[in-house]
Structure formats: C-alpha cells, structure tokens
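Visitor: If you scroll down you'll find the structure; I have some questions about it.
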There are 2 protein chains.
Amino acid sequence: MLTRQSLPRIEDVKAALQRIAPYIHRTPVVQSELLNDLCKARLFFKCENFQKAGAFKSRGAVNAVFELTDEEASHGVATHSSGNHGSALARAASLRGIPAYVVVPSNAKAVKKSAIAAYGGEIIECEPTLAAREAMLATVIAKTGATFVPPYDDARIIAGQGTAALELIEDVPDLDSIIVPVGGGGLLAGTCLVGADKGIDVYGAEPEGAGDAYRSLTSGEHVTSQVPDTIADGLLTTLGILNFEIIKANVEAILLVSDDEIISAMALVWTRLKLVIEPSSAVTLAAVIRYPEYFTGAAVGIILTGGNVDLADLPFNP
Amino acid sequence: MLTRQSLPRIEDVKAALQRIAPYIHRTPVVQSELLNDLCKARLFFKCENFQKAGAFKSRGAVNAVFELTDEEASHGVATHSSGNHGSALARAASLRGIPAYVVVPSNAKAVKKSAIAAYGGEIIECEPTLAAREAMLATVIAKTGATFVPPYDDARIIAGQGTAALELIEDVPDLDSIIVPVGGGGLLAGTCLVGADKGIDVYGAEPEGAGDAYRSLTSGEHVTSQVPDTIADGLLTTLGILNFEIIKANVEAILLVSDDEIISAMALVWTRLKLVIEPSSAVTLAAVIRYPEYFTGAAVGIILTGGNVDLADLPFNP
C-alpha cells in the first residue's frame with residue numbers, strides 16, 4: 001500500500017488550504033447563547049455538516065486527489081470505506097475527472113453505497129472482513145494502477161483535515177481550545193498541527209465504546225485491538241500510526257463519553273442550533289458538558305464533523 | 001380586543017426592520033446544488049429556523065412590543081397561542097422588561113409551555129375551545145390592562161413578519177418569486193407587501209388538510225369554517241381578516257400540498273441542507289416540487305419559517 005509515511009507539518013496544512021479552497025465550502029461558525037450558558041463557556045461550532053458531501057472528509061480527499069501528478073491521477077484513486085471518506089473521495093476524483101474505486105463491505109448500508117455512486121464512484125463489494133477488504137483493494141490497485149488514498153493514516157489526508165481548524169482560527173482568533181472527535185485520527189492529528197502552531201489547546205473526544213485512542217494515549221502504546229460498539233458509527237476505526245505520532249506529541253487529552261451522553265448532546269445541537277449532525281459529531285459537545293474542568297470560562301472551538309444521517313434510524317425515539 | 005384594523009403598508013415593513021434589527025438575528029440564506037437540480041430552479045432558502053426563539057414569529061412579536069408607548073407597555077402584553085407566537089411574544093416582552101400573559105389550551109404540549117415559560121412568559125391555561133380561550137384572554141386583559149398582540153391578524157405583526165422577505169431581497173436582489181407558508185397569513189401578507197413593492201411574485205403554500213386560504217382566495221369569500229388536519233401544526237389557524245385583504249390583492253396563487261409531500265420535502269431539507277425545520281416550514285419546497293409550472297428556471301426565495309420540533313415525535317420513522 002502506497003501510504004506516504006513522512007509526518008505532515010503545519011506548512012502542509014496551509015498548502016492544503018490553498019489547494020482545496022476552490023473545491024470545498026468555507027463553512028460557517030455558529031453560536032448559541034443557550035449552549036454557552038449551559039456549558040459556562042463560549043462555544044464556536046464550525047459547521048462541517050454543511051461541507052461538500054456532508055462531512056469534513058471532503059477536505060482530505062480533495063487535498064490527496066489534487067496533490068497527485070497528472071501521471072498518477074490518470075490511473076485514478078482507490079480506497080476502502082463504508083462511510084463519508086468513500087463518497088468524499090468519489091466526489092474529489094470526479095472533480096479531477098479521474099476514476100475512484102471504492103471497496104465496500106457487502107453489509108454496508110444502501111444509503112452509503114448510493115452516496116458513493118451518486119458522486120460517480122465505482123463500488124467494489126467484498127466480504128465484511130479486514131482480510132477480504134485488503135485483498136480486494138490490492139487486487140483493484142494491481143489491476144488499475146490507482147493510487148491508494150487511505151481514510152486517515154496518510155500525510156495528505158491529515159494535512160487536508162487540518163484545514164478546518166485553520167479556517168476556524170481565522171474566523172475566531174482568540175480561541176483557547178479546539179475539540180474534535182477522534183476515530184482514525186485524521187482530523188485530530190491535523191487539528192493538533194494547527195493548535196501547536198498557534199498555541200491553542202487541542203482535545204479529542206471519543207466514545208467509550210470505541211476508546212482505543214484514549215487507551216493508546218494513556219498507555220503510550222498504539223492499541224489496535226478493539227471490538228468497537230458505539231452509536232457514533234464514524235468513529236469505529238482504530239487510530240492510525242502517523243496519527244498516533246502527531247496526537248501523542250500534541251494533544252492535551254482524549255475525553256471519553258458514553259452513548260447516552262452522545263445522544264443527549266446530539267439532541268441539543270438539533271433542537272438548539274437547528275443543525276442536523278450525525279452521532280459522531282456530537283461526542284465533542286458531550287465531552288464539553290461532561291468535563292467542565294477543561295472548558296469553563298474558555299473560548300472553545302468545536303468542529304461539527306458531518307451531517308449524514310439516516311432519518312429512518314434516529315436515536316431519539318422514546 | 002384592541003386589534004388595529006388599518007392595513008399595513010410597505011413603509012411599515014421598512015420601519016419594522018429598523019425597529020427590530022437590534023433584537024433579532026439577520027438570518028443567513030443558503031442554497032443546495034442538489035435541490036436546484038431537482039427543481040430545475042435556483043432556490044434561496046432564508047433560515048428563519050435559526051431565528052431567535054426558533055421561528056420568524058420573533059419578528060412580528062418584537063415589532064409589536066417595541067411599538068407600544070411606555071404607558072401601554074407598562075401593563076404588559078397578552079395573547080393566546082400554543083405555538084411559536086407565544087414564546088416569541090414572551091421573549092419580546094422580556095427584552096422590554098414587561099410581562100407577557102399567554103393563554104394556552106390545557107391540552108397544549110409540555111414542550112410548548114416550557115418554551116413560553118423559559119422566556120419568562122406567564123402561562124394561563126384554559127379549556128381547549130375557542131370560546132374558553134377568548135373569555136380567558138378578555139379576563140386577563142381586563143385585570144391587567146395588557147395590550148393584546150394577536151398572532152397574525154394585526155398590522156404590527158404583518159409588518160414585522162414582512163421583514164424576513166425584506167432581508168431576503170437585500171441579500172438576493174434578482175429573485176423572481178418568493179414562496180412562504182400560509183396559516184393565519186401574517187408572513188404571507190407581509191411578504192406580499194414586499195413583493196408588490198419590488199415587482200416580485202409571491203406565492204403561498206398551504207397543506208391540503210388546512211386549505212382555508214386556498215378556498216378563500218378561490219371563492220373570493222373569507223372562509224373560516226374548517227376542521228384542519230395536517231402534520232404542519234403551525235398552519236392549523238384560519239386566515240386573518242387583514243391578512244386576507246392584503247393577500248387577495250397581491251398573491252399570485254395559493255398552492256396546496258399533501259402531508260406526504262410535506263414529509264418528503266422536510267426530509268430533503270434535513271438530509272440535503274442539514275437543517276432542522278418543522279413540518280410547517282416544508283410546505284414551500286413541497287409546493288415548488290409539485291408545481292414546476294410556476295418555478296422552472298426561476299430564482300425562487302423560500303422562507304424556512306421555523307425549527308421547533310419534538311425529536312420524540314418525528315414523521316420519518318418507517
């Protein structure tokens with residue numbers, strides 16, 4: 001697999017923002033007096049749920065696709081994903097006029113597959129195991145010569161995801177801290193690069209049911225064994241290797257929250273901010289509410305990462 | 001009842017915007033390529049779901065409250081409402097530091113009553129009949145000297161609600177038409193004043209199950225008898241008298257939509273615009289989809305009127 005293993009730097013994030021700006025939304029930052037009062041802090045929500053393809057993943061995907069040489073690009077890009085990265089990469093590839101091959105487990109939801117297909121991605125199904133996924137991806141790449149664009153463990157992806165924090169601090173220069181969800185760690189690692197550059201504390205928020213980043217940071221060892229179980233289905237993945245290196249060196253803390261806390265925070269965002277966000281996006285507000293010791297009195301940036309939900313499968317029903 | 005019976009004019013709408021601007025949000029206007037493609041039109045959605053108290057009703061309420069003389073204001077304001085007008089009036093009154101008495105039917109939802117109370121409104125319950133409501137309101141006014149601020153059949157309210165359209169055409173000057181929901185007709189009448197001033201066609205969208213405005217306009221007579229039945233619970237009210245006069249003289253058409261069409265349009269706004277809107281706000285997009293003959297190729301302003309929903313009672317479940 002052609003993962004570039006050099007660690008990205010803040011300069012890469014800044015270059016990424018220049019590169020991707022024509023192809024993504026500059027998303028707005030919103031506030032709520034009620035949520036500020038509730039948390040005794042000033043909260044600034046960056047609305048990546050409004051981002052192209054419905055999630056911040058468009059940033060990394062566009063950055064990776066537009067960094068390719070013409071020769072590389074001519075063979076297309078490939079990835080494995082049953083979520084937002086797959087549709088974001090399909091969209092980015094179509095913008096450059098190249099194919100995107102997306103390996104998807106056969107048990108992926110129809111709504112996810114149709115999102116990938118809607119952006120012109122070519123879906124290749126495989127058995128829902130890690131081994132089957134890697135074998136299928138290798139076959140696709142061998143056959144097409146496509147460049148592998150991993151969902152998070154990749155310098156181009158990390159730099160691209162960091163651009164959300166870069167925009168956020170341009171809009172709100174006096175932030176004390178930024179908190180983002182952590183799954184594979186692409187967004188958190190990119191945000192760490194920005195935070196370190198600006199002297200802003202960076203926190204990760206993680207579901208208790210998928211707490212491998214917390215355990216990795218706490219133990220100092222990269223924990224990969226987990227059987228995740230959380231409503232935050234965008235955060236089931238294991239922390240990447242490059243991501244772990246950057247996060248370990250820079251993050252203030254990883255804060256764990258329960259699924260009940262995630263659902264309550266999600267309901268607050270829906271009813272108070274009137275924004276549709278997915279469960280993975282609510283871990284951050286849940287953490288701000290649960291751990292006031294880190295946030296009381298502070299100006300806190302919160303990246304609302306995505307808004308792709310299945311309305312027929314919402315967690316609010318009594 | 002102290003309803004001012006003179007018809008409001010465009011100058012009143014402009015004066016209202018000056019008066020209320022310090023107390024309301026200048027709400028954003030958003031677009032969706034996907035919805036534009038679907039409707040073969042350019043749609044501009046004005047996000048009154050982000051408005052203070054969660055709905056455009058804050059505009060009329062603030063306008064009415066801040067138009068009062070100090071002597072009038074000192075006795076407070078009173079209304080009947082089981083919905084957004086009640087909480088909007090409570091909020092407006094608290095901004096001026098005066099009491100708001102809100103007569104609410106005893107079967108109103110707890111979530112509605114708590115919203116009114118959260119803004120400092122004094123809730124007075126009555127039996128859920130028109131006669132009981134009017135009797136209770138008269139009693140409250142006789143006892144307190146409060147000024148009655150009706151939900152829609154009132155020149156100050158109509159002028160206030162018209163400010164949403166005024167802002168919209170400032171932001172999007174080349175609109176061909178504006179479409180808004182019609183219940184009591186405050187928003188539609190105010191929008192008609194703005195449309196007539198600027199030469200922009202104005203449409204009302206109404207649920208088939210509460211189609212009294214359609215029948216009034218079609219027959220030329222003010223139809224008041226109806227037993228409304230629709231998911232759009234903000235549109236159950238009967239068209240007001242002042243409202244009917246203004247709408248009759250200015251509206252292009254009232255367009256009826258079914259509850260199924262409302263739910264489908266609501267799902268499109270939630271999943272594509274990532275905005276939480278209430279069912280009453282979705283009648284407009286439903287009408288644009290159902291009646292392409294009025295909107296194909298046009299630049300269409302759509303006012304998303306409110307975002308106050310009960311997450312435990314959503315219409316999307318299979």
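Chain labels follow the order of the structure tokens: the first chain is A, the next B, and so on; residue numbering restarts at 1 in every chain, and ligands are counted from 1 in their shown order.
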Please provide the set of residues having any atom within 10 Å of A:Gly83, restricted to only C-alpha atoms, with same-chain residues fewer than 4 positions apart removed, written as a PyMOL selection string.

Guide: chain A and resi 57+87-88+104+108-109+111-113+115-116+151+233-234+308

Visitor: Please list as an mmCIF file with N, CA, C and O atoms, in the first residue's frame every residue within 7 Å of stretch 12-14 of chain A, counting only C-alpha atoms and excluding residues in the same chain fewer than 6 positions away.

Guide:
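Final file, out_36.cif:
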```cif
data_model
loop_
_atom_site.group_PDB
_atom_site.id
_atom_site.type_symbol
_atom_site.label_atom_id
_atom_site.label_comp_id
_atom_site.auth_asym_id
_atom_site.auth_seq_id
_atom_site.Cartn_x
_atom_site.Cartn_y
_atom_site.Cartn_z
ATOM 1 N N ALA A 159 -3.156 16.547 6.559
ATOM 2 C CA ALA A 159 -2.996 17.969 6.219
ATOM 3 C C ALA A 159 -4.326 18.558 5.747
ATOM 4 O O ALA A 159 -4.708 19.674 6.130
ATOM 5 N N GLY A 160 -5.043 17.793 4.936
ATOM 6 C CA GLY A 160 -6.332 18.277 4.435
ATOM 7 C C GLY A 160 -7.343 18.478 5.550
ATOM 8 O O GLY A 160 -8.025 19.513 5.627
ATOM 9 N N GLY A 162 -6.765 19.108 8.616
ATOM 10 C CA GLY A 162 -6.358 20.224 9.466
ATOM 11 C C GLY A 162 -6.849 21.580 8.986
ATOM 12 O O GLY A 162 -6.902 22.544 9.763
ATOM 13 N N THR A 163 -7.262 21.661 7.718
ATOM 14 C CA THR A 163 -7.688 22.956 7.184
ATOM 15 C C THR A 163 -8.969 23.465 7.851
ATOM 16 O O THR A 163 -9.213 24.669 7.881
#
```

Visitor: Find, counting only C-alpha atoms, the residue in A:Val29, A:Leu217, A:Ile169, A:Ile303 that gets nearest to chain B.

Guide: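 Smallest distance to chain B is found for A:Val29.
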
Visitor: Could you list, as a VMD selection string, every residue of chain B that has an atom within 8 Å of an atom of chain A, counting only C-alpha atoms?

Guide: chain B and resid 49 to 50 267 270 to 271 273 to 277 307 to 309 311 to 313 316 to 318

Visitor: Which residue is closest to A:Ser258? Choose from A:Pro228, A:Gly186, A:Gly209, A:Pro279 and count only C-alpha atoms.

Guide: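 Checking each of A:Pro228, A:Gly186, A:Gly209, A:Pro279 against A:Ser258, counting only C-alpha atoms, the winner is A:Gly209.
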
Visitor: What is the atom CA of B:Gln226-atom CA of B:Ala213 distance in Å, reported with one decimal?

Guide: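 Between atom CA of B:Gln226 and atom CA of B:Ala213 the gap works out to 10.5 Å.
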
Visitor: Give the answer as one residue: which of B:Thr129, B:Pro173, B:Ala118, B:His75 has the shortest atom-to-atom distance to B:Ile141, using only C-alpha atoms?

Guide: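 Of B:Thr129, B:Pro173, B:Ala118, B:His75, the one nearest B:Ile141, counting only C-alpha atoms, is B:His75.
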
Visitor: Neighbours of A:Pro207 within 7 Å (only C-alpha atoms; same-chain residues fewer than 5 positions away dropped), as a list in words?

Guide: Thr230, Leu256, Val257, Ser258, Asp259 and Val283 of chain A

Visitor: Could those selected residues go to a file with C-alpha atoms, as a JSON list (two decimals), in the first residue's frame?

Guide:
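Wrote it out as result20.json, contents follow:
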```json
[["chain", "number", "residue", "atom", "x", "y", "z"],
["A", 230, "THR", "CA", -20.99, 2.82, 19.78],
["A", 256, "LEU", "CA", -14.35, 9.70, 26.76],
["A", 257, "VAL", "CA", -18.15, 9.98, 26.60],
["A", 258, "SER", "CA", -20.96, 7.44, 26.76],
["A", 259, "ASP", "CA", -23.50, 6.78, 24.03],
["A", 283, "VAL", "CA", -19.08, 13.49, 21.00]]
```

Visitor: Which residues come within 10 Å of A:Gln161, counting only C-alpha atoms, excluding same-chain residues fewer than 6 positions away, as a count of residues only?

Guide: 20

Visitor: Excluding same-chain residues fewer than 4 positions from B:Leu175, what lies within 7 Å of it counting only C-alpha atoms, as a PyMOL selection string?

Guide: chain B and resi 169+200+299-301

Visitor: Output N, CA, C and O atoms for every residue in the selection just made, as a PDB file, in the first residue's frame.

Guide:
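After the write, part_37.pdb holds the following:
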```
ATOM      1  N   ILE B 169     -34.575  39.877  -0.014  1.00  0.00           N
ATOM      2  CA  ILE B 169     -34.318  40.535  -1.311  1.00  0.00           C
ATOM      3  C   ILE B 169     -33.123  41.478  -1.236  1.00  0.00           C
ATOM      4  O   ILE B 169     -32.522  41.788  -2.255  1.00  0.00           O
ATOM      5  N   ILE B 200     -41.902  41.440  -7.366  1.00  0.00           N
ATOM      6  CA  ILE B 200     -41.566  40.015  -7.227  1.00  0.00           C
ATOM      7  C   ILE B 200     -42.857  39.239  -6.962  1.00  0.00           C
ATOM      8  O   ILE B 200     -43.660  39.630  -6.109  1.00  0.00           O
ATOM      9  N   ALA B 299     -35.512  32.180 -10.172  1.00  0.00           N
ATOM     10  CA  ALA B 299     -34.807  32.385  -8.910  1.00  0.00           C
ATOM     11  C   ALA B 299     -35.874  32.550  -7.833  1.00  0.00           C
ATOM     12  O   ALA B 299     -36.621  33.527  -7.826  1.00  0.00           O
ATOM     13  N   VAL B 300     -35.953  31.566  -6.952  1.00  0.00           N
ATOM     14  CA  VAL B 300     -37.086  31.468  -6.015  1.00  0.00           C
ATOM     15  C   VAL B 300     -36.591  31.613  -4.573  1.00  0.00           C
ATOM     16  O   VAL B 300     -35.725  30.860  -4.119  1.00  0.00           O
ATOM     17  N   GLY B 301     -37.134  32.575  -3.851  1.00  0.00           N
ATOM     18  CA  GLY B 301     -36.854  32.702  -2.424  1.00  0.00           C
ATOM     19  C   GLY B 301     -37.830  31.866  -1.624  1.00  0.00           C
ATOM     20  O   GLY B 301     -39.031  31.878  -1.882  1.00  0.00           O
TER      21      GLY B 301
END
```
